[in-house]
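Engineer: Handing over coords-v9.cif, mmCIF, C-alpha atoms.
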data_coords
loop_
_atom_site.label_atom_id
_atom_site.label_comp_id
_atom_site.auth_asym_id
_atom_site.auth_seq_id
_atom_site.Cartn_x
_atom_site.Cartn_y
_atom_site.Cartn_z
CA MET A 792 86.57 37.81 -98.64
CA SER A 793 83.72 35.50 -97.74
CA SER A 794 85.90 33.75 -95.18
CA ALA A 795 86.28 37.02 -93.31
CA MET A 796 82.54 37.57 -93.06
CA LYS A 797 80.94 37.14 -89.66
CA GLN A 798 79.09 33.84 -89.45
CA PRO A 799 75.54 33.92 -88.08
CA ASP A 800 75.19 32.85 -84.46
CA ALA A 801 73.67 29.45 -83.76
CA SER A 802 70.11 29.49 -82.50
CA PRO A 803 70.13 30.28 -78.78
CA ILE A 804 69.03 27.46 -76.47
CA VAL A 805 65.71 28.55 -74.95
CA ALA A 806 64.48 25.21 -73.63
CA CYS A 807 65.95 22.11 -72.11
CA THR A 808 64.87 18.59 -71.20
CA ILE A 809 66.12 17.22 -67.89
CA SER A 810 65.99 13.49 -67.21
CA ARG A 811 67.91 10.45 -66.07
CA ASP A 812 68.08 9.29 -69.71
CA VAL A 813 66.15 11.19 -72.38
CA SER A 814 66.26 8.15 -74.70
CA ASN A 815 63.62 6.63 -72.42
CA PHE A 816 61.26 9.39 -73.60
CA ASP A 817 61.48 9.17 -77.39
CA LEU A 818 58.08 10.80 -77.88
CA LEU A 819 59.29 13.78 -75.86
CA ILE A 820 62.29 14.14 -78.18
CA GLU A 821 59.99 14.21 -81.21
CA ASP A 822 57.63 16.75 -79.66
CA MET A 823 60.50 19.01 -78.53
CA GLU A 824 61.94 18.98 -82.04
CA THR A 825 58.53 19.85 -83.47
CA ALA A 826 57.93 22.67 -80.98
CA MET A 827 61.43 24.09 -80.58
CA GLY A 828 63.41 23.09 -83.67
CA GLU A 829 67.09 23.21 -82.73
CA ALA A 830 66.66 25.70 -79.90
CA TRP A 831 66.70 23.09 -77.12
CA GLY A 832 69.16 20.88 -75.32
CA ASP A 833 69.24 18.00 -72.87
CA LEU A 834 70.75 17.59 -69.39
CA GLY A 835 70.94 14.93 -66.73
CA PHE A 836 69.76 15.73 -63.20
CA ALA A 837 73.24 16.44 -61.80
CA GLU A 838 74.20 18.43 -64.92
CA ALA A 839 71.05 20.53 -64.57
CA MET A 840 71.95 21.47 -60.98
CA ALA A 841 75.29 22.83 -62.23
CA TYR A 842 73.96 24.45 -65.43
CA LEU A 843 71.14 26.34 -63.74
CA ASN A 844 73.72 28.07 -61.53
CA GLN A 845 75.60 29.38 -64.57
CA PRO A 846 74.97 32.66 -66.47
CA GLU A 847 74.21 30.70 -69.67
CA ALA A 848 70.96 29.48 -68.09
CA GLU A 849 69.50 33.00 -68.29
CA SER A 850 68.47 32.38 -71.91
CA LEU A 851 66.21 29.47 -70.97
CA GLU A 852 62.49 30.01 -71.30
CA PHE A 853 61.45 26.68 -69.79
CA VAL A 854 62.71 23.23 -68.82
CA ALA A 855 60.85 19.95 -69.25
CA ILE A 856 61.69 17.54 -66.43
CA ALA A 857 60.97 13.95 -67.50
CA LEU A 858 60.79 11.25 -64.85
CA ASP A 859 59.40 7.78 -64.28
CA ASP A 860 58.84 5.51 -61.29
CA GLU A 861 62.60 4.84 -60.99
CA ASP A 862 63.16 8.54 -60.26
CA GLU A 863 60.92 8.74 -57.17
CA ASP A 864 63.99 8.41 -54.92
CA ARG A 865 65.35 11.60 -56.54
CA LEU A 866 62.44 13.85 -55.56
CA THR A 867 64.59 16.02 -53.30
CA MET A 868 67.06 16.73 -56.12
CA ILE A 869 64.25 17.34 -58.62
CA GLY A 870 62.63 19.74 -56.15
CA GLU A 871 65.94 21.62 -55.91
CA ILE A 872 66.11 21.82 -59.71
CA ILE A 873 62.62 23.31 -59.78
CA GLY A 874 63.68 25.84 -57.15
CA LEU A 875 66.79 26.81 -59.12
CA ALA A 876 64.72 27.23 -62.29
CA HIS A 877 62.20 29.47 -60.56
CA GLY A 878 65.06 31.50 -59.11
CA ARG A 879 65.97 32.42 -62.70
CA ASP A 880 62.33 32.89 -63.77
CA ILE A 881 62.43 29.69 -65.85
CA LYS A 882 59.13 27.83 -66.20
CA VAL A 883 58.96 24.10 -65.42
CA ILE A 884 56.95 21.39 -67.20
CA LEU A 885 56.75 17.95 -65.57
CA ILE A 886 56.64 14.96 -67.93
CA ALA A 887 55.70 11.97 -65.78
CA ASP A 888 55.52 8.28 -66.70
CA ASP A 889 53.97 5.99 -64.08
CA VAL A 890 54.84 8.33 -61.18
CA GLY A 891 52.74 8.06 -58.00
CA PRO A 892 50.26 10.82 -57.12
CA ALA A 893 52.07 11.68 -53.86
CA ALA A 894 55.33 12.30 -55.76
CA LEU A 895 53.55 14.40 -58.38
CA HIS A 896 51.76 16.43 -55.71
CA GLN A 897 55.07 17.12 -53.96
CA LEU A 898 56.74 18.34 -57.16
CA LEU A 899 53.78 20.52 -58.10
CA ARG A 900 53.90 22.07 -54.64
CA ASP A 901 57.65 22.59 -55.12
CA GLY A 902 56.66 24.94 -57.95
CA ALA A 903 56.29 23.01 -61.22
CA ASP A 904 54.12 25.09 -63.56
CA GLU A 905 52.65 22.41 -65.85
CA PHE A 906 52.15 18.64 -65.77
CA VAL A 907 51.88 16.43 -68.86
CA PRO A 908 51.54 12.62 -68.63
CA TYR A 909 53.74 10.29 -70.66
CA PRO A 910 53.17 8.92 -73.28
CA LEU A 911 52.44 12.44 -74.44
CA PRO A 912 48.91 13.04 -75.75
CA GLU A 913 48.92 14.56 -79.23
CA ASN A 914 49.84 18.27 -79.23
CA GLU A 915 49.75 18.38 -75.41
CA LEU A 916 53.39 19.51 -75.02
CA GLN A 917 52.80 22.35 -77.49
CA ALA A 918 49.65 23.35 -75.59
CA ALA A 919 51.57 23.38 -72.30
CA ILE A 920 54.28 25.57 -73.83
CA GLU A 921 51.65 28.00 -75.12
CA ARG A 922 50.06 28.17 -71.67
CA LEU A 923 53.45 29.04 -70.18
CA ARG A 924 53.96 31.77 -72.74
CA ALA A 925 50.51 33.28 -72.30
CA PRO A 926 50.49 36.51 -70.26
CA ALA A 927 49.24 36.19 -66.70
CA PRO A 928 45.53 36.92 -66.44
CA ALA A 929 44.56 40.22 -64.89
CA PRO A 930 43.25 40.03 -61.33
CA GLN A 931 39.52 39.40 -61.19
CA GLY A 932 38.83 41.87 -58.42
CA VAL A 933 39.52 39.46 -55.55
CA THR A 934 41.09 41.70 -52.95
CA ALA A 935 41.27 41.65 -49.20
CA PRO A 936 38.31 43.34 -47.46
CA THR A 937 38.54 47.01 -46.64
CA ALA A 938 38.31 48.35 -43.12
CA ASN A 939 34.80 48.77 -41.74
CA GLY A 940 35.62 50.84 -38.67
CA GLU A 941 35.06 47.99 -36.22
CA ASP A 942 37.67 45.71 -34.66
CA GLY A 943 37.29 42.00 -35.37
CA VAL A 944 37.47 39.17 -32.86
CA LEU A 945 41.01 37.93 -32.21
CA LEU A 946 41.52 34.23 -31.43
CA GLY A 947 44.94 32.84 -30.56
CA VAL A 948 45.91 29.16 -30.92
CA HIS A 949 48.99 27.88 -29.09
CA GLY A 950 50.27 24.31 -28.89
CA LEU A 951 51.86 23.33 -25.60
CA ALA A 952 53.96 20.71 -27.41
CA GLY A 953 54.61 19.65 -30.96
CA GLY A 954 51.91 17.53 -32.51
CA THR A 955 49.06 18.63 -30.23
CA GLY A 956 46.98 19.85 -33.17
CA ALA A 957 47.33 23.63 -32.83
CA THR A 958 47.73 24.34 -36.54
CA THR A 959 45.04 21.79 -37.41
CA LEU A 960 42.66 23.61 -35.05
CA ALA A 961 43.67 27.07 -36.30
CA VAL A 962 43.32 26.27 -40.02
CA ASN A 963 40.08 24.32 -39.75
CA LEU A 964 38.48 26.77 -37.32
CA ALA A 965 39.34 29.61 -39.72
CA TRP A 966 37.75 27.78 -42.65
CA GLU A 967 34.65 26.79 -40.67
CA LEU A 968 34.17 30.43 -39.62
CA ALA A 969 34.66 31.62 -43.19
CA THR A 970 31.94 29.24 -44.40
CA VAL A 971 29.64 29.29 -41.35
CA SER A 972 26.93 31.22 -43.20
CA LYS A 973 25.95 31.13 -46.87
CA GLU A 974 24.03 34.39 -46.75
CA ASP A 975 26.27 36.58 -44.62
CA ALA A 976 29.64 34.89 -44.27
CA PRO A 977 32.06 36.69 -41.93
CA ARG A 978 35.39 37.97 -43.18
CA VAL A 979 38.12 35.72 -41.76
CA CYS A 980 41.90 35.94 -41.71
CA ILE A 981 44.49 33.53 -40.31
CA LEU A 982 47.94 34.83 -39.37
CA ASP A 983 50.83 32.35 -39.19
CA PHE A 984 53.23 33.71 -36.59
CA GLY A 985 55.48 30.64 -36.78
CA LEU A 986 58.27 32.59 -38.47
CA GLN A 987 60.55 29.55 -38.55
CA PHE A 988 58.47 26.47 -39.28
CA GLY A 989 54.90 27.75 -39.55
CA SER A 990 52.88 25.37 -41.74
CA VAL A 991 49.54 27.08 -42.38
CA SER A 992 50.57 27.53 -46.03
CA THR A 993 51.24 23.79 -46.30
CA PHE A 994 47.86 22.90 -44.76
CA LEU A 995 46.13 25.05 -47.41
CA ASP A 996 48.58 24.47 -50.30
CA LEU A 997 49.43 28.17 -50.57
CA PRO A 998 52.72 29.78 -51.63
CA ARG A 999 54.98 31.52 -49.13
CA ARG A 1000 55.54 34.94 -50.61
CA GLU A 1001 58.34 37.48 -50.32
CA PRO A 1002 55.97 40.37 -49.43
CA VAL A 1003 55.46 38.68 -46.03
CA PHE A 1004 59.13 39.13 -45.16
CA GLU A 1005 59.09 42.67 -46.54
CA MET A 1006 56.08 43.55 -44.39
CA TRP A 1007 57.67 42.18 -41.19
CA SER A 1008 60.96 43.93 -42.00
CA ASP A 1009 59.43 47.39 -41.69
CA THR A 1010 56.02 47.45 -40.01
CA GLU A 1011 56.40 51.16 -39.24
CA ALA A 1012 56.00 51.83 -42.96
CA MET A 1013 53.16 49.32 -43.29
CA ASP A 1014 49.87 50.71 -44.51
CA GLU A 1015 46.66 49.07 -45.67
CA ASP A 1016 48.04 48.33 -49.14
CA ILE A 1017 51.26 46.73 -47.87
CA PHE A 1018 49.29 44.56 -45.45
CA LYS A 1019 46.91 43.41 -48.19
CA GLN A 1020 49.79 42.61 -50.56
CA ALA A 1021 51.23 40.25 -47.94
CA LEU A 1022 47.99 38.25 -47.79
CA VAL A 1023 46.99 35.39 -50.07
CA SER A 1024 43.47 34.06 -50.42
CA TYR A 1025 42.23 30.48 -50.13
CA GLU A 1026 39.18 29.79 -52.29
CA ASP A 1027 38.49 33.57 -52.23
CA ARG A 1028 36.86 33.12 -48.81
CA LEU A 1029 39.73 32.87 -46.32
CA TRP A 1030 42.70 35.26 -46.20
CA VAL A 1031 46.07 34.05 -45.00
CA LEU A 1032 49.28 35.70 -43.84
CA THR A 1033 51.68 32.80 -44.34
CA ALA A 1034 55.02 32.30 -42.65
CA PRO A 1035 57.90 33.96 -44.57
CA PRO A 1036 59.66 31.95 -47.30
CA GLU A 1037 62.87 31.70 -45.24
CA VAL A 1038 63.47 30.64 -41.64
CA LEU A 1039 63.67 33.77 -39.47
CA PRO A 1040 64.60 34.23 -35.80
CA LEU A 1041 61.53 34.68 -33.61
CA ASP A 1042 63.05 37.78 -32.03
CA MET A 1043 63.34 39.47 -35.42
CA ILE A 1044 59.94 41.04 -34.74
CA SER A 1045 59.00 43.06 -31.68
CA PRO A 1046 55.77 43.45 -29.71
CA GLU A 1047 55.26 46.73 -31.55
CA ASP A 1048 55.55 44.95 -34.92
CA VAL A 1049 53.03 42.32 -33.85
CA ASN A 1050 50.65 44.92 -32.50
CA ARG A 1051 50.68 46.86 -35.80
CA VAL A 1052 49.87 43.71 -37.78
CA LEU A 1053 47.09 42.72 -35.38
CA GLU A 1054 45.58 46.19 -35.64
CA GLN A 1055 45.53 46.03 -39.44
CA ALA A 1056 44.02 42.55 -39.41
CA ARG A 1057 41.29 43.42 -36.91
CA LYS A 1058 40.36 46.49 -38.93
CA HIS A 1059 39.69 44.45 -42.05
CA PHE A 1060 38.30 41.16 -40.75
CA ASP A 1061 35.51 39.96 -38.50
CA TYR A 1062 37.63 37.09 -37.16
CA VAL A 1063 41.41 36.99 -36.93
CA ILE A 1064 43.00 33.68 -35.92
CA VAL A 1065 46.66 33.65 -34.94
CA ASP A 1066 48.61 30.39 -35.16
CA MET A 1067 51.34 30.88 -32.55
CA PRO A 1068 54.74 29.20 -32.30
CA THR A 1069 55.15 26.72 -29.43
CA THR A 1070 57.97 28.84 -28.02
CA LEU A 1071 57.11 31.67 -25.65
CA VAL A 1072 58.59 34.91 -26.98
CA GLN A 1073 58.49 38.56 -26.06
CA TRP A 1074 55.44 39.19 -28.22
CA THR A 1075 53.41 36.23 -26.93
CA GLU A 1076 52.06 38.65 -24.32
CA THR A 1077 50.96 41.01 -27.11
CA VAL A 1078 48.76 38.37 -28.72
CA LEU A 1079 47.48 36.99 -25.41
CA THR A 1080 46.39 40.36 -24.07
CA SER A 1081 44.79 41.33 -27.40
CA ALA A 1082 42.87 38.07 -27.87
CA GLN A 1083 39.33 37.53 -26.72
CA ILE A 1084 40.08 33.78 -26.49
CA TYR A 1085 43.47 32.07 -26.47
CA PHE A 1086 43.14 28.37 -27.27
CA VAL A 1087 45.83 26.13 -25.80
CA THR A 1088 46.13 22.59 -27.18
CA LEU A 1089 47.53 19.68 -25.19
CA GLU A 1090 47.31 15.91 -24.98
CA MET A 1091 46.86 13.40 -22.20
CA ASP A 1092 50.56 12.84 -21.60
CA MET A 1093 53.26 13.90 -19.18
CA ARG A 1094 54.93 16.46 -21.47
CA SER A 1095 51.62 18.33 -21.90
CA ALA A 1096 50.97 18.26 -18.16
CA GLN A 1097 54.44 19.58 -17.34
CA ASN A 1098 54.25 22.28 -20.02
CA THR A 1099 50.83 23.37 -18.75
CA LEU A 1100 52.31 23.94 -15.30
CA ARG A 1101 55.24 25.85 -16.81
CA LEU A 1102 52.91 28.04 -18.84
CA LYS A 1103 50.73 28.82 -15.84
CA ARG A 1104 53.73 29.75 -13.70
CA ALA A 1105 55.15 31.97 -16.46
CA LEU A 1106 51.88 33.84 -16.97
CA MET A 1107 51.25 34.25 -13.24
CA ALA A 1108 54.78 35.60 -12.71
CA GLU A 1109 54.08 38.31 -15.30
CA GLU A 1110 50.53 38.88 -14.04
CA LEU A 1111 49.10 38.04 -17.44
CA PRO A 1112 45.41 37.14 -17.92
CA LEU A 1113 45.07 33.38 -17.34
CA GLU A 1114 41.31 33.72 -17.82
CA ARG A 1115 41.85 34.19 -21.58
CA LEU A 1116 43.14 30.62 -21.88
CA ARG A 1117 40.85 27.85 -23.15
CA PHE A 1118 42.47 24.44 -22.74
CA CYS A 1119 41.75 21.94 -25.52
CA ILE A 1120 42.53 18.23 -25.27
CA ASN A 1121 43.63 16.80 -28.62
CA ARG A 1122 42.86 13.16 -29.46
CA ALA A 1123 40.30 13.06 -26.68
CA PRO A 1124 38.72 9.68 -25.82
CA LYS A 1125 35.36 8.73 -27.31
CA PHE A 1126 32.27 9.45 -25.23
CA THR A 1127 31.91 5.71 -24.53
CA ASP A 1128 35.45 5.54 -23.06
CA LEU A 1129 34.62 6.08 -19.40
CA ASN A 1130 38.17 5.34 -18.30
CA GLY A 1131 39.48 8.01 -20.68
CA LYS A 1132 36.92 10.53 -19.45
CA SER A 1133 38.02 9.84 -15.90
CA ARG A 1134 41.67 10.43 -16.84
CA ILE A 1135 40.81 13.82 -18.34
CA LYS A 1136 38.96 14.80 -15.16
CA ARG A 1137 41.90 13.78 -12.94
CA MET A 1138 44.35 15.63 -15.20
CA ALA A 1139 42.29 18.82 -15.05
CA GLU A 1140 42.00 18.62 -11.27
CA SER A 1141 45.72 18.00 -10.75
CA LEU A 1142 46.66 20.91 -13.05
CA GLU A 1143 43.91 23.13 -11.64
CA ILE A 1144 42.56 23.99 -15.07
CA ASN A 1145 39.25 23.68 -16.90
CA ILE A 1146 39.43 21.60 -20.07
CA GLU A 1147 36.65 23.19 -22.06
CA LEU A 1148 37.17 21.63 -25.47
CA GLN A 1149 37.74 17.96 -26.28
CA LEU A 1150 38.89 17.37 -29.84
CA PRO A 1151 38.36 13.78 -31.01
CA ASP A 1152 41.04 11.82 -32.82
CA GLY A 1153 40.55 12.49 -36.54
CA GLY A 1154 42.84 9.63 -37.54
CA ARG A 1155 44.84 9.50 -40.75
CA ALA A 1156 42.33 11.74 -42.54
CA VAL A 1157 43.81 14.75 -40.71
CA SER A 1158 47.37 14.29 -41.98
CA GLN A 1159 46.13 13.22 -45.42
CA GLY A 1160 44.01 16.36 -45.73
CA ALA A 1161 46.94 18.53 -44.66
CA ASP A 1162 49.27 16.81 -47.16
CA HIS A 1163 46.78 17.59 -49.93
CA GLY A 1164 46.36 21.20 -48.77
CA LEU A 1165 42.67 20.82 -47.92
CA PRO A 1166 40.68 21.67 -44.78
CA LEU A 1167 38.77 18.77 -43.26
CA ALA A 1168 35.47 20.21 -44.50
CA SER A 1169 36.68 19.47 -48.04
CA SER A 1170 38.77 16.33 -47.55
CA ALA A 1171 36.75 14.52 -44.83
CA PRO A 1172 33.50 16.37 -44.05
CA LYS A 1173 32.13 13.56 -41.85
CA ASN A 1174 35.30 13.25 -39.78
CA PRO A 1175 34.53 13.56 -36.04
CA LEU A 1176 37.25 16.19 -35.54
CA ARG A 1177 35.80 18.28 -38.35
CA LYS A 1178 32.33 18.07 -36.80
CA GLU A 1179 33.64 19.24 -33.41
CA ILE A 1180 35.51 22.20 -34.93
CA ALA A 1181 32.46 23.13 -37.02
CA LYS A 1182 30.35 23.11 -33.86
CA LEU A 1183 32.90 25.36 -32.13
CA ALA A 1184 32.85 27.78 -35.08
CA ALA A 1185 29.05 27.96 -35.01
CA GLN A 1186 29.08 28.66 -31.27
CA LEU A 1187 31.70 31.39 -31.64
CA HIS A 1188 29.79 33.00 -34.49
CA GLU A 1189 26.51 32.98 -32.58
CA LEU A 1190 28.28 34.49 -29.58
CA GLY A 1191 29.82 37.15 -31.83
CA LYS A 1192 26.44 38.05 -33.33
CA SER A 1193 24.85 38.26 -29.90
CA ASP A 1194 27.59 40.62 -28.67
CA ALA A 1195 27.19 42.79 -31.80
CA GLU A 1196 23.42 43.01 -31.33
CA ALA A 1197 23.83 43.88 -27.66
CA ALA A 1198 26.27 46.67 -28.57
#
Would you give me this structure, written as structure tokens?
Structural biologist:
Amino acid sequence: MSSAMKQPDASPIVACTISRDVSNFDLLIEDMETAMGEAWGDLGFAEAMAYLNQPEAESLEFVAIALDDEDEDRLTMIGEIIGLAHGRDIKVILIADDVGPAALHQLLRDGADEFVPYPLPENELQAAIERLRAPAPAPQGVTAPTANGEDGVLLGVHGLAGGTGATTLAVNLAWELATVSKEDAPRVCILDFGLQFGSVSTFLDLPRREPVFEMWSDTEAMDEDIFKQALVSYEDRLWVLTAPPEVLPLDMISPEDVNRVLEQARKHFDYVIVDMPTTLVQWTETVLTSAQIYFVTLEMDMRSAQNTLRLKRALMAEELPLERLRFCINRAPKFTDLNGKSRIKRMAESLEINIELQLPDGGRAVSQGADHGLPLASSAPKNPLRKEIAKLAAQLHELGKSDAEAA
């Protein structure tokens, strides 16, 4: 009769280690056995890719990805594993042995939840597991500002070619405005309208969230709450509408959609900065005609000169306000470079434009700060580019206060 009795099920697998060879991490094996008993398994990187796509993976609570310096050429695959795990709401712990900081930073930005160095400090794996299991803390009251009945200042930023520093200017100008005053800091928002490859979220190390796509999908139903839910804060001082998580066609949104979002943003913020895609689209006119200032970034090269002429002809053909444009030279020559200054003057004369802002070359510190998700004020406060953008922010803020007092 006993042979006919139902046998108890084996303990379900709720955790898994993923590595090139788990025997290289013997301390991890010991700590997993202590923390999880028999309720864990082990997979190689390729096996994990297949397993996480199967229904059996739904029982997993977390995975511990163990890697060393020999695995740095597998970062793309490991990033995909992290993405698959998050797609099934599985937490990810990184166990890293002699892995470079750049590789770790990339994997953490890919979505890893916890990082533990190897050899494992005593009880650190158990502590990481407990942190993963702890309920998410309740919001601490950090919410987007409410409407104050006045429309904020709208500033557009548009690069005339890739690499001319448009996003660098937009992100750092937004942060400088948000921190321009300790006593009465203005409320600042940056909108990333690069629906395909917008990188404001990367420059500030912020997640791209699904509510952004949901908001753009139906702006007619958008109210104050939906708009706020699409925003994410940086340091609780700057509010950001990131690009959507997925690449979207630029014509997915209409001028009416853009206008509704701009209206919501201007109701809630003193300054709204829009990082525009390089491509001219139907709703470029919407932003241009709504903006008080529309910054256009270019460089001292032939592609910028040709694109400037094309832009001018396009705007003139549509009778759009050229006077809103403020041309900004990126990587401008130093003030001691008289030859460079002369070239800028000749370029402006030949294009029949005024170059009102000269942004100095910030060097490698600019890309390094962006890779670390930090504005220049935090990563390189003495950088000449940061100083120029800070000066621009102070001028804009003083101008804004003067206009408000006059009104």
Engineer: Contacts of Asn1174 of chain A at 12 Å or less, counting only C-alpha atoms, minus same-chain residues fewer than 5 places along, as number ranges by chain?
Structural biologist: A: 1150-1157, 1160, 1166-1169, 1179-1181
Engineer: Compile the contact shell of Leu916 of chain A as number ranges by chain: residues with an atom at most 9 Å away, counting all atoms listed in the file, same-chain residues fewer than 5 positions apart removed.
Structural biologist: A: 819, 822-823, 826, 884, 907, 911, 921
Engineer: Have a look at A:Leu1022, A:Val944, A:Val890, A:Ala848 and name the one nearest to Glu1054 of chain A; count all atoms listed in the file.
Structural biologist: A:Val944
Engineer: Run through the PyMOL selection byres ((chain A and resi 984-1000) around 9) on the given coordinates and return the selected residues as a PyMOL selection string.
Structural biologist: chain A and resi 900+902+958-959+961-962+981-983+1001-1004+1021-1025+1031-1041+1065-1069+1160-1166
Engineer: For this file, the PyMOL selection byres ((chain A and resi 1095) around 12) selects which residues, as a list in words?
Structural biologist: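 Taken over the shown coordinates, the PyMOL selection byres ((chain A and resi 1095) around 12) returns Gly950, Leu951, Ala952, Gly953, Gly954, Thr955, Thr1069, Val1087, Thr1088, Leu1089, Glu1090, Met1091, Asp1092, Met1093, Arg1094, Ala1096, Gln1097, Asn1098, Thr1099, Leu1100, Arg1101, Leu1102, Phe1118, Cys1119, Ile1120, Asn1121, Met1138, Ala1139 and Leu1142 of chain A.
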Engineer: Given the selection you just returned, output its residues as a file containing C-alpha atoms, formatted as a PDB file, in the coordinates of the input.
Structural biologist:
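Contents of the output file result.pdb:
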ATOM      1  CA  GLY A 950      50.270  24.310 -28.890  1.00  0.00           C
ATOM      2  CA  LEU A 951      51.860  23.330 -25.600  1.00  0.00           C
ATOM      3  CA  ALA A 952      53.960  20.710 -27.410  1.00  0.00           C
ATOM      4  CA  GLY A 953      54.610  19.650 -30.960  1.00  0.00           C
ATOM      5  CA  GLY A 954      51.910  17.530 -32.510  1.00  0.00           C
ATOM      6  CA  THR A 955      49.060  18.630 -30.230  1.00  0.00           C
ATOM      7  CA  THR A1069      55.150  26.720 -29.430  1.00  0.00           C
ATOM      8  CA  VAL A1087      45.830  26.130 -25.800  1.00  0.00           C
ATOM      9  CA  THR A1088      46.130  22.590 -27.180  1.00  0.00           C
ATOM     10  CA  LEU A1089      47.530  19.680 -25.190  1.00  0.00           C
ATOM     11  CA  GLU A1090      47.310  15.910 -24.980  1.00  0.00           C
ATOM     12  CA  MET A1091      46.860  13.400 -22.200  1.00  0.00           C
ATOM     13  CA  ASP A1092      50.560  12.840 -21.600  1.00  0.00           C
ATOM     14  CA  MET A1093      53.260  13.900 -19.180  1.00  0.00           C
ATOM     15  CA  ARG A1094      54.930  16.460 -21.470  1.00  0.00           C
ATOM     16  CA  ALA A1096      50.970  18.260 -18.160  1.00  0.00           C
ATOM     17  CA  GLN A1097      54.440  19.580 -17.340  1.00  0.00           C
ATOM     18  CA  ASN A1098      54.250  22.280 -20.020  1.00  0.00           C
ATOM     19  CA  THR A1099      50.830  23.370 -18.750  1.00  0.00           C
ATOM     20  CA  LEU A1100      52.310  23.940 -15.300  1.00  0.00           C
ATOM     21  CA  ARG A1101      55.240  25.850 -16.810  1.00  0.00           C
ATOM     22  CA  LEU A1102      52.910  28.040 -18.840  1.00  0.00           C
ATOM     23  CA  PHE A1118      42.470  24.440 -22.740  1.00  0.00           C
ATOM     24  CA  CYS A1119      41.750  21.940 -25.520  1.00  0.00           C
ATOM     25  CA  ILE A1120      42.530  18.230 -25.270  1.00  0.00           C
ATOM     26  CA  ASN A1121      43.630  16.800 -28.620  1.00  0.00           C
ATOM     27  CA  MET A1138      44.350  15.630 -15.200  1.00  0.00           C
ATOM     28  CA  ALA A1139      42.290  18.820 -15.050  1.00  0.00           C
ATOM     29  CA  LEU A1142      46.660  20.910 -13.050  1.00  0.00           C
TER      30      LEU A1142
END
Engineer: Given the PyMOL selection byres ((chain A and resi 881) around 12) and the file above, list the residues it selects as a VMD selection string.
Structural biologist: chain A and resid 805 to 807 843 848 to 855 872 to 880 882 to 884 902 to 904 923 to 924
Engineer: Rounded to one decimal place, report the atom CA of Asp942 of chain A-atom CA of Leu1071 of chain A distance in Å.
Structural biologist: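 Going from atom CA of Asp942 of chain A over to atom CA of Leu1071 of chain A, I get 25.6 Å.
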Engineer: Have a look at A:Gly947, A:Gly891, A:Pro1112, A:Pro912 and name the one nearest to Val1078 of chain A; count all atoms listed in the file.
Structural biologist: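 Of A:Gly947, A:Gly891, A:Pro1112, A:Pro912, the one nearest Val1078 of chain A is A:Gly947, counting all atoms listed in the file.
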Engineer: Looking at A:Ala894, A:Leu968, A:Ala1082, A:Leu1111, which one is nearest to Gln1186 of chain A, with distances taken over all atoms listed in the file?
Structural biologist: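 Of the candidates, the smallest distance to Gln1186 of chain A is held by A:Leu968.
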Engineer: Just to confirm, what's the straight-line distance from atom CA of Thr1077 of chain A to atom CA of Arg1028 of chain A in Å (one decimal)?
Structural biologist: 27.1 Å
Engineer: With distances taken over all atoms listed in the file, which of A:Thr1127, A:Gln917, A:Leu1187, A:Leu866 is nearest to His896 of chain A?
Structural biologist: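 For His896 of chain A, the nearest of the candidates is A:Leu866.
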Engineer: Can you work out the spacing between atom CA of Ile869 of chain A and atom CA of Glu915 of chain A in Å, to one decimal?
Structural biologist: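 Atom CA of Glu915 of chain A lies 22.2 Å from atom CA of Ile869 of chain A.
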